[in-house]
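As provided, final_13.tsv (TSV, C-alpha atoms) reads as follows.
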```tsv
chain	number	residue	atom	x	y	z
A	16	MET	CA	6.68	18.33	-1.13
A	17	THR	CA	8.27	16.15	1.53
A	18	ASP	CA	7.06	12.72	2.53
A	19	ALA	CA	6.26	13.66	6.13
A	20	ARG	CA	5.84	10.71	8.45
A	21	ASP	CA	2.24	10.38	9.59
A	22	LEU	CA	0.90	9.68	13.06
A	23	GLU	CA	0.67	5.93	12.53
A	24	THR	CA	4.31	5.81	11.46
A	25	LEU	CA	5.41	7.80	14.52
A	26	LEU	CA	3.34	5.53	16.78
A	27	ALA	CA	4.94	2.48	15.20
A	28	ILE	CA	8.37	3.94	15.91
A	29	ALA	CA	7.35	4.60	19.51
A	30	ARG	CA	6.12	1.02	19.88
A	31	GLN	CA	9.40	-0.30	18.52
A	32	ALA	CA	11.34	1.85	20.94
A	33	GLU	CA	9.22	0.52	23.81
A	34	ALA	CA	9.76	-3.03	22.58
A	35	GLY	CA	13.49	-2.39	22.52
A	36	ARG	CA	13.35	-1.22	26.13
A	37	SER	CA	11.36	-4.32	27.07
A	38	GLY	CA	14.01	-6.59	25.61
A	39	SER	CA	15.57	-7.47	22.30
A	40	GLU	CA	13.36	-10.55	21.90
A	41	ALA	CA	10.14	-8.48	21.92
A	42	ALA	CA	11.64	-6.09	19.38
A	43	GLN	CA	12.62	-8.99	17.13
A	44	VAL	CA	9.14	-10.51	17.31
A	45	ALA	CA	7.63	-7.16	16.30
A	46	ALA	CA	10.05	-6.89	13.35
A	47	ILE	CA	9.23	-10.45	12.24
A	48	ARG	CA	5.52	-9.58	12.16
A	49	ILE	CA	6.23	-6.48	10.09
A	50	LEU	CA	8.22	-8.49	7.56
A	51	ALA	CA	5.55	-11.22	7.46
A	52	ASN	CA	2.77	-8.69	6.83
A	53	ALA	CA	4.83	-7.20	3.99
A	54	GLY	CA	5.15	-10.57	2.26
A	55	GLY	CA	8.39	-11.63	3.91
A	56	ALA	CA	10.85	-8.96	2.78
A	57	LEU	CA	11.40	-5.20	2.97
A	58	PRO	CA	14.17	-2.74	2.13
A	59	ILE	CA	16.24	-1.87	5.20
A	60	ALA	CA	15.49	1.83	4.71
A	61	ASP	CA	11.73	1.19	4.94
A	62	LEU	CA	12.10	-1.02	8.00
A	63	ILE	CA	13.91	1.78	9.81
A	64	SER	CA	12.19	4.95	8.54
A	65	ARG	CA	8.61	3.75	7.98
A	66	TYR	CA	8.26	1.04	10.63
A	67	GLY	CA	10.68	2.23	13.28
A	68	VAL	CA	12.69	-0.99	13.53
A	69	SER	CA	16.13	-0.20	14.95
A	70	SER	CA	19.29	-1.18	13.13
A	71	GLN	CA	20.29	-3.16	16.24
A	72	THR	CA	17.10	-5.23	16.04
A	73	ILE	CA	17.64	-5.95	12.34
A	74	ALA	CA	21.22	-6.98	13.04
A	75	SER	CA	20.10	-9.26	15.89
A	76	LEU	CA	17.53	-10.98	13.68
A	77	CYS	CA	20.16	-11.75	11.07
A	78	ASP	CA	23.15	-12.57	13.29
A	79	GLU	CA	23.80	-16.32	13.35
A	80	GLU	CA	26.64	-15.93	15.85
A	81	GLN	CA	24.59	-14.33	18.63
A	82	HIS	CA	22.72	-17.42	19.82
A	83	THR	CA	24.23	-19.71	22.43
A	84	ASP	CA	21.47	-22.20	21.69
A	85	LYS	CA	22.60	-23.72	18.38
A	86	ARG	CA	19.23	-25.37	17.88
A	87	ARG	CA	17.71	-21.95	17.26
A	88	LYS	CA	18.06	-20.93	13.64
A	89	VAL	CA	18.49	-17.42	12.29
A	90	ARG	CA	15.11	-15.82	11.50
A	91	ALA	CA	16.07	-13.29	8.83
A	92	ARG	CA	18.85	-12.61	6.36
A	93	LEU	CA	20.45	-9.52	4.88
A	94	GLY	CA	21.44	-8.98	1.28
A	95	GLU	CA	21.36	-6.60	-1.64
A	96	VAL	CA	19.10	-6.69	-4.65
A	97	ASP	CA	19.93	-4.26	-7.44
A	98	GLY	CA	22.14	-2.42	-4.96
A	99	VAL	CA	19.34	-1.96	-2.40
A	100	PRO	CA	19.92	-3.44	1.11
A	101	VAL	CA	17.06	-5.83	1.96
A	102	ALA	CA	16.03	-8.05	4.88
A	103	TRP	CA	13.91	-11.16	4.40
A	104	LEU	CA	12.53	-13.93	6.58
A	105	THR	CA	13.99	-17.42	6.67
A	106	ALA	CA	11.79	-20.50	7.14
A	107	SER	CA	12.38	-20.14	10.87
A	108	GLY	CA	11.29	-16.50	10.70
A	109	HIS	CA	8.07	-17.39	8.90
A	110	GLN	CA	7.36	-20.01	11.56
A	111	ALA	CA	7.97	-17.45	14.29
A	112	SER	CA	5.38	-15.21	12.62
A	113	GLY	CA	2.77	-17.96	12.89
A	114	LYS	CA	3.09	-19.56	9.44
A	115	SER	CA	3.85	-23.22	10.07
A	116	ARG	CA	4.78	-23.89	6.43
A	117	GLY	CA	6.55	-20.66	5.51
A	118	PHE	CA	9.79	-21.01	3.58
A	119	GLU	CA	12.64	-18.69	2.73
A	120	VAL	CA	12.42	-16.82	-0.57
A	121	ARG	CA	15.27	-14.50	-1.48
A	122	PRO	CA	13.90	-11.24	-2.93
A	123	THR	CA	14.27	-10.68	-6.66
A	124	SER	CA	14.24	-7.54	-8.77
A	125	ASP	CA	10.50	-8.02	-9.33
A	126	SER	CA	9.61	-8.52	-5.68
A	127	LEU	CA	11.88	-5.65	-4.62
A	128	GLY	CA	10.22	-3.48	-7.24
A	129	HIS	CA	6.90	-4.19	-5.57
A	130	ALA	CA	8.27	-3.32	-2.12
A	131	LEU	CA	9.73	-0.05	-3.43
A	132	GLY	CA	6.54	0.86	-5.30
A	133	PRO	CA	5.12	3.27	-2.67
A	134	SER	CA	8.37	5.22	-2.27
A	135	ARG	CA	8.83	5.46	-6.04
A	136	LEU	CA	5.26	6.69	-6.47
A	137	SER	CA	5.88	9.29	-3.76
A	138	LYS	CA	8.96	10.55	-5.64
A	139	TRP	CA	6.99	10.67	-8.90
A	140	ILE	CA	4.24	12.78	-7.29
A	141	GLU	CA	6.56	15.18	-5.46
A	142	PRO	CA	7.29	17.46	-8.48
A	143	LEU	CA	3.54	18.09	-8.95
A	144	ALA	CA	3.32	20.11	-5.72
A	145	PRO	CA	4.29	23.56	-7.15
A	146	THR	CA	1.68	23.22	-9.91
A	147	LEU	CA	-1.12	22.13	-7.56
A	148	ALA	CA	-0.36	24.43	-4.61
A	149	PRO	CA	-1.95	27.59	-6.10
A	150	TYR	CA	-5.25	25.69	-6.31
A	151	GLY	CA	-5.03	24.50	-2.72
A	152	VAL	CA	-4.58	20.88	-3.78
A	153	GLU	CA	-2.19	18.63	-1.84
A	154	LEU	CA	-1.10	15.09	-2.67
A	155	SER	CA	0.84	12.73	-0.42
A	156	VAL	CA	1.66	9.04	-0.42
A	157	THR	CA	1.79	7.03	2.79
A	158	TRP	CA	2.37	3.34	3.47
A	159	GLY	CA	3.36	0.90	6.18
A	160	PRO	CA	1.61	1.57	9.52
A	161	SER	CA	-0.98	3.86	7.92
A	162	CYS	CA	-2.11	1.04	5.62
A	163	GLN	CA	-2.43	-1.28	8.59
A	164	ALA	CA	-4.55	1.38	10.34
A	165	PHE	CA	-6.69	1.61	7.18
A	166	SER	CA	-7.20	-2.16	7.34
A	167	ARG	CA	-8.25	-2.03	10.99
A	168	ARG	CA	-10.81	0.68	10.20
A	169	THR	CA	-12.15	-1.36	7.29
A	170	GLU	CA	-12.51	-4.36	9.57
A	171	ALA	CA	-14.34	-2.32	12.23
A	172	LEU	CA	-16.74	-0.80	9.69
A	173	ALA	CA	-17.46	-4.22	8.20
A	174	TRP	CA	-18.40	-5.67	11.59
A	175	ALA	CA	-20.57	-2.63	12.33
A	176	ARG	CA	-22.36	-3.00	8.98
A	177	LEU	CA	-23.07	-6.68	9.61
A	178	LYS	CA	-24.81	-5.80	12.87
A	179	THR	CA	-27.36	-3.61	11.08
A	180	GLN	CA	-27.72	-5.02	7.56
A	181	ALA	CA	-27.99	-8.43	5.93
A	182	ASP	CA	-25.02	-9.59	3.86
A	183	GLN	CA	-26.51	-12.16	1.52
A	184	THR	CA	-23.57	-12.13	-0.91
A	185	GLY	CA	-20.89	-12.18	1.80
A	186	ASP	CA	-19.10	-9.24	0.19
A	187	VAL	CA	-18.96	-7.21	3.40
A	188	GLY	CA	-18.22	-10.25	5.54
A	189	VAL	CA	-14.96	-10.78	3.67
A	190	LEU	CA	-13.77	-7.40	4.95
A	191	THR	CA	-14.06	-8.44	8.60
A	192	GLY	CA	-10.55	-9.82	8.12
A	193	GLY	CA	-9.27	-6.41	7.05
A	194	LEU	CA	-7.88	-5.18	3.74
A	195	ILE	CA	-4.33	-3.84	3.46
A	196	PRO	CA	-3.45	-1.74	0.39
A	197	ASP	CA	0.14	-1.37	-0.77
A	198	ALA	CA	-0.07	2.38	-0.16
A	199	LEU	CA	-2.55	5.21	0.24
A	200	LEU	CA	-2.64	8.37	-1.84
A	201	ILE	CA	-4.23	11.21	0.11
A	202	GLU	CA	-5.71	14.13	-1.86
A	203	ARG	CA	-6.78	17.31	-0.09
A	204	ARG	CA	-8.77	20.12	-1.71
A	205	PRO	CA	-10.41	23.28	-0.38
A	206	VAL	CA	-14.01	22.68	0.70
A	207	THR	CA	-15.41	25.31	-1.66
A	208	ASP	CA	-17.35	25.33	-4.90
A	209	GLN	CA	-14.02	25.37	-6.74
A	210	GLY	CA	-12.72	22.44	-4.71
A	211	THR	CA	-15.89	20.45	-5.47
A	212	LEU	CA	-15.55	21.27	-9.17
A	213	MET	CA	-11.91	20.13	-9.14
A	214	PHE	CA	-12.98	16.83	-7.57
A	215	GLU	CA	-15.69	16.33	-10.21
A	216	GLN	CA	-13.27	17.10	-13.03
A	217	ALA	CA	-10.66	14.73	-11.60
A	218	TRP	CA	-12.89	11.73	-10.88
A	219	LYS	CA	-15.81	12.32	-13.27
A	220	ARG	CA	-18.44	12.08	-10.54
A	221	LYS	CA	-19.90	14.17	-7.76
A	222	PRO	CA	-18.36	13.69	-4.29
A	223	TYR	CA	-20.31	11.75	-1.67
A	224	ASP	CA	-20.07	14.70	0.72
A	225	ARG	CA	-17.91	17.68	1.70
A	226	ASP	CA	-15.58	15.42	3.68
A	227	GLU	CA	-14.63	13.57	0.50
A	228	VAL	CA	-13.63	16.88	-1.08
A	229	ALA	CA	-11.58	17.81	1.96
A	230	GLU	CA	-9.76	14.46	1.96
A	231	THR	CA	-9.97	11.90	-0.82
A	232	VAL	CA	-8.47	8.49	-0.02
A	233	VAL	CA	-7.08	6.56	-2.99
A	234	ALA	CA	-5.99	2.98	-2.29
A	235	ILE	CA	-2.92	1.88	-4.24
A	236	GLU	CA	-2.42	-1.68	-5.45
A	237	VAL	CA	0.90	-2.43	-7.17
A	238	GLN	CA	0.48	-5.49	-9.36
A	239	ASN	CA	3.70	-6.43	-11.14
A	240	ALA	CA	4.62	-9.72	-12.85
A	241	THR	CA	5.53	-11.49	-9.59
A	242	ARG	CA	2.33	-10.48	-7.82
A	243	GLN	CA	0.18	-11.29	-10.85
A	244	ALA	CA	1.48	-14.85	-10.86
A	245	SER	CA	0.88	-15.51	-7.17
A	246	ASP	CA	-2.10	-13.39	-6.08
A	247	PRO	CA	-5.76	-14.55	-6.29
A	248	LEU	CA	-6.82	-11.47	-8.21
A	249	ARG	CA	-10.56	-12.12	-8.40
A	250	SER	CA	-10.98	-12.18	-4.62
A	251	LYS	CA	-8.88	-9.02	-4.29
A	252	VAL	CA	-10.92	-7.14	-6.91
A	253	ASP	CA	-14.16	-8.29	-5.25
A	254	ALA	CA	-12.91	-7.15	-1.84
A	255	TRP	CA	-12.07	-3.69	-3.15
A	256	SER	CA	-15.49	-3.43	-4.81
A	257	ALA	CA	-17.10	-4.04	-1.41
A	258	ALA	CA	-14.72	-1.63	0.33
A	259	VAL	CA	-15.32	1.21	-2.14
A	260	GLU	CA	-18.96	0.70	-3.07
A	261	ASN	CA	-20.42	-0.55	0.24
A	262	LEU	CA	-18.22	0.79	3.04
A	263	LYS	CA	-16.75	3.79	1.17
A	264	VAL	CA	-13.48	3.51	3.10
A	265	ALA	CA	-11.71	4.73	-0.05
A	266	SER	CA	-12.93	6.77	-3.00
A	267	ILE	CA	-10.81	5.09	-5.67
A	268	VAL	CA	-8.59	2.05	-6.10
A	269	LEU	CA	-5.64	2.83	-8.37
A	270	TRP	CA	-4.10	-0.34	-9.81
A	271	ILE	CA	-0.50	0.22	-10.93
A	272	VAL	CA	0.16	-2.61	-13.36
A	273	GLU	CA	2.42	-4.27	-15.87
A	274	PRO	CA	0.91	-5.65	-19.11
A	275	ALA	CA	0.25	-9.23	-17.93
A	276	ALA	CA	-1.52	-8.11	-14.76
A	277	CYS	CA	-3.46	-5.48	-16.69
A	278	LYS	CA	-4.88	-8.13	-19.01
A	279	VAL	CA	-6.13	-10.32	-16.16
A	280	LEU	CA	-7.54	-7.43	-14.13
A	281	ALA	CA	-9.29	-5.93	-17.15
A	282	SER	CA	-11.04	-9.27	-17.73
A	283	LEU	CA	-12.25	-9.01	-14.12
A	284	GLY	CA	-13.78	-5.60	-14.82
A	285	VAL	CA	-11.14	-3.18	-13.52
A	286	GLY	CA	-11.25	-0.04	-15.64
A	287	ASP	CA	-14.94	-0.53	-16.47
A	288	PRO	CA	-16.96	2.19	-14.68
A	289	VAL	CA	-20.09	0.02	-14.82
A	290	ARG	CA	-18.71	-3.34	-13.65
A	291	ARG	CA	-16.17	-1.98	-11.14
A	292	PRO	CA	-16.96	1.62	-10.24
A	293	GLY	CA	-14.00	3.37	-8.66
A	294	GLN	CA	-11.28	0.93	-9.79
A	295	ILE	CA	-8.95	2.30	-12.45
A	296	PHE	CA	-5.59	1.49	-14.07
A	297	ILE	CA	-2.26	3.18	-14.56
A	298	SER	CA	0.79	1.56	-16.12
A	299	SER	CA	3.83	1.07	-13.89
A	300	GLY	CA	5.99	3.05	-16.30
A	301	ALA	CA	3.65	6.04	-16.26
A	302	ALA	CA	3.83	6.31	-12.45
A	303	GLY	CA	7.61	6.11	-12.16
A	304	LEU	CA	7.74	2.48	-10.99
A	305	GLY	CA	9.71	1.22	-13.97
A	306	GLY	CA	8.57	-1.08	-16.73
A	307	ASP	CA	6.62	-0.10	-19.82
A	308	ASP	CA	4.38	2.94	-20.18
A	309	PHE	CA	1.46	1.51	-22.14
A	310	ALA	CA	-2.16	2.38	-22.85
A	311	VAL	CA	-4.60	1.02	-20.27
A	312	PRO	CA	-8.38	0.55	-20.56
A	313	GLY	CA	-10.84	2.79	-18.77
A	314	PRO	CA	-10.71	6.30	-17.31
A	315	ARG	CA	-7.41	8.17	-17.29
A	316	TRP	CA	-5.89	9.09	-13.93
A	317	TRP	CA	-6.09	12.86	-13.62
A	318	ALA	CA	-2.58	13.32	-12.12
A	319	LEU	CA	-1.05	12.21	-15.43
A	320	ASP	CA	-2.27	15.45	-17.00
A	321	VAL	CA	-0.76	17.80	-14.39
A	322	PRO	CA	2.17	19.68	-15.98
A	323	ARG	CA	5.52	18.55	-14.61
A	324	PRO	CA	8.51	20.88	-14.20
A	325	VAL	CA	11.19	20.54	-16.86
A	326	GLY	CA	13.65	17.83	-15.86
A	327	ALA	CA	11.35	16.27	-13.24
A	328	HIS	CA	11.60	12.50	-12.84
A	329	MET	CA	9.10	10.67	-15.06
```
This entry written out as structure tokens:
Amino acid sequence: MTDARDLETLLAIARQAEAGRSGSEAAQVAAIRILANAGGALPIADLISRYGVSSQTIASLCDEEQHTDKRRKVRARLGEVDGVPVAWLTASGHQASGKSRGFEVRPTSDSLGHALGPSRLSKWIEPLAPTLAPYGVELSVTWGPSCQAFSRRTEALAWARLKTQADQTGDVGVLTGGLIPDALLIERRPVTDQGTLMFEQAWKRKPYDRDEVAETVVAIEVQNATRQASDPLRSKVDAWSAAVENLKVASIVLWIVEPAACKVLASLGVGDPVRRPGQIFISSGAAGLGGDDFAVPGPRWWALDVPRPVGAHM
């Protein structure tokens, strides 16, 4: 199974190309926004293949010699972390993105591991394709522009809901600012009795409708040690509860975690089908993201039980 680029990715590439034709400054501004939305840093390969940023634009952002105006500081830097080429924003770059108090943070192994999470999950899932294909089941992982499109849809649905229903708790109102997952796992099954049964066996509930059988959207949240220390987890868990239970923009939230993050999230109800329906755990090691493979509370993710070909990456 190949990681085919989706429509949103292709549109992002087209926008970048248009920005490049409009002038290098516009292309650089677009790249700065992409880096800012990703937390300030991304692997070079993702910037080019997923977001359509040209190598020339990346070089221009990071080239201190190109500016005749010496008062203008470089807005991004290049480096390697664990052998992976990475670009990250400087303080000037964060300011250019609209953050008045942003500061430069060089990526670490932990933060790079988070950025590489979607691509590593995609590689882990790829060997399952031959086993699932005879049943008409397809799995694919997408990230980048598609996650931003997901957020825009969530925002639009939240505003539409507020126009017709009261929101006494404010749960839906929070989503008017959007909600960007780290990645999306798309499951497709045949819309037949067998496909419905496969859905029920996988997720231990009946589907909302035939559309959910045809395409099941699973939001991915990668929560490693670095993210666990810096993220306000309660607000994030609450937001996903509203997104899944009220707006139904995704069927499941799959939290890929390391032990410390798992402990905090479990105390917030993740993994408990009663407190947080539709939010489940998987250890980072079990999904091919590195780290330990440890037992997690709550329902088991069905893909872990799909037989893998001998020698496939674990």
*Do a neighbour search on Pro133 of chain A at 10 Å with all atoms listed in the file, toss out local chain neighbours closer than 3 positions, and write the hits as a ChimeraX atom specification.*
/A:128-130,136-139,156-159,197-200,235-237,304
*So which one's closest to Asp186 of chain A, A:Ser250, A:Ser126, A:Gln216, A:Ser134? Using only C-alpha atoms, please.*
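So, comparing all the options, the nearest one is A:Ser250.
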*Interatomic distance between atom CA of Arg225 of chain A and atom CA of Arg203 of chain A?*
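Distance reported for this atom pair: 11.3 Å.
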*Expressed in Å to a single decimal, how great is the separation between atom CA of Ser112 of chain A and atom CA of Glu40 of chain A?*
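We find that atom CA of Ser112 of chain A and atom CA of Glu40 of chain A lie 13.1 Å from each other.
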*asked:* So the first atom is atom CA of Ser124 of chain A and the second is atom CA of Trp255 of chain A; what is the distance between them in Å, to one decimal place?
replied: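 Between atom CA of Ser124 of chain A and atom CA of Trp255 of chain A the gap is 27.2 Å.
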*Measuring atom to atom with only C-alpha atoms, identify which of A:Leu93, A:Ala53, A:Leu127, A:Ala318 is nearest to Ala217 of chain A.*
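Using only C-alpha atoms, Ala217 of chain A sits closest to A:Ala318.
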*Excluding segment 263-268 of chain A and residues on its chain fewer than 6 positions from it, collect all residues at most 10 Å away from it, counting all atoms listed in the file, and give them as a count of residues only.*
31
_Nearby residues, (7.8, 4.8, -13.2) file frame, 9 Å, all atoms listed in the file, as a list in words_ =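 Looking at atoms near the point gives Gly132, Arg135, Leu136, Trp139, Ser298, Ser299, Gly300, Ala301, Ala302, Gly303, Leu304, Gly305, Gly306, Asp307, Asp308, His328 and Met329 of chain A.
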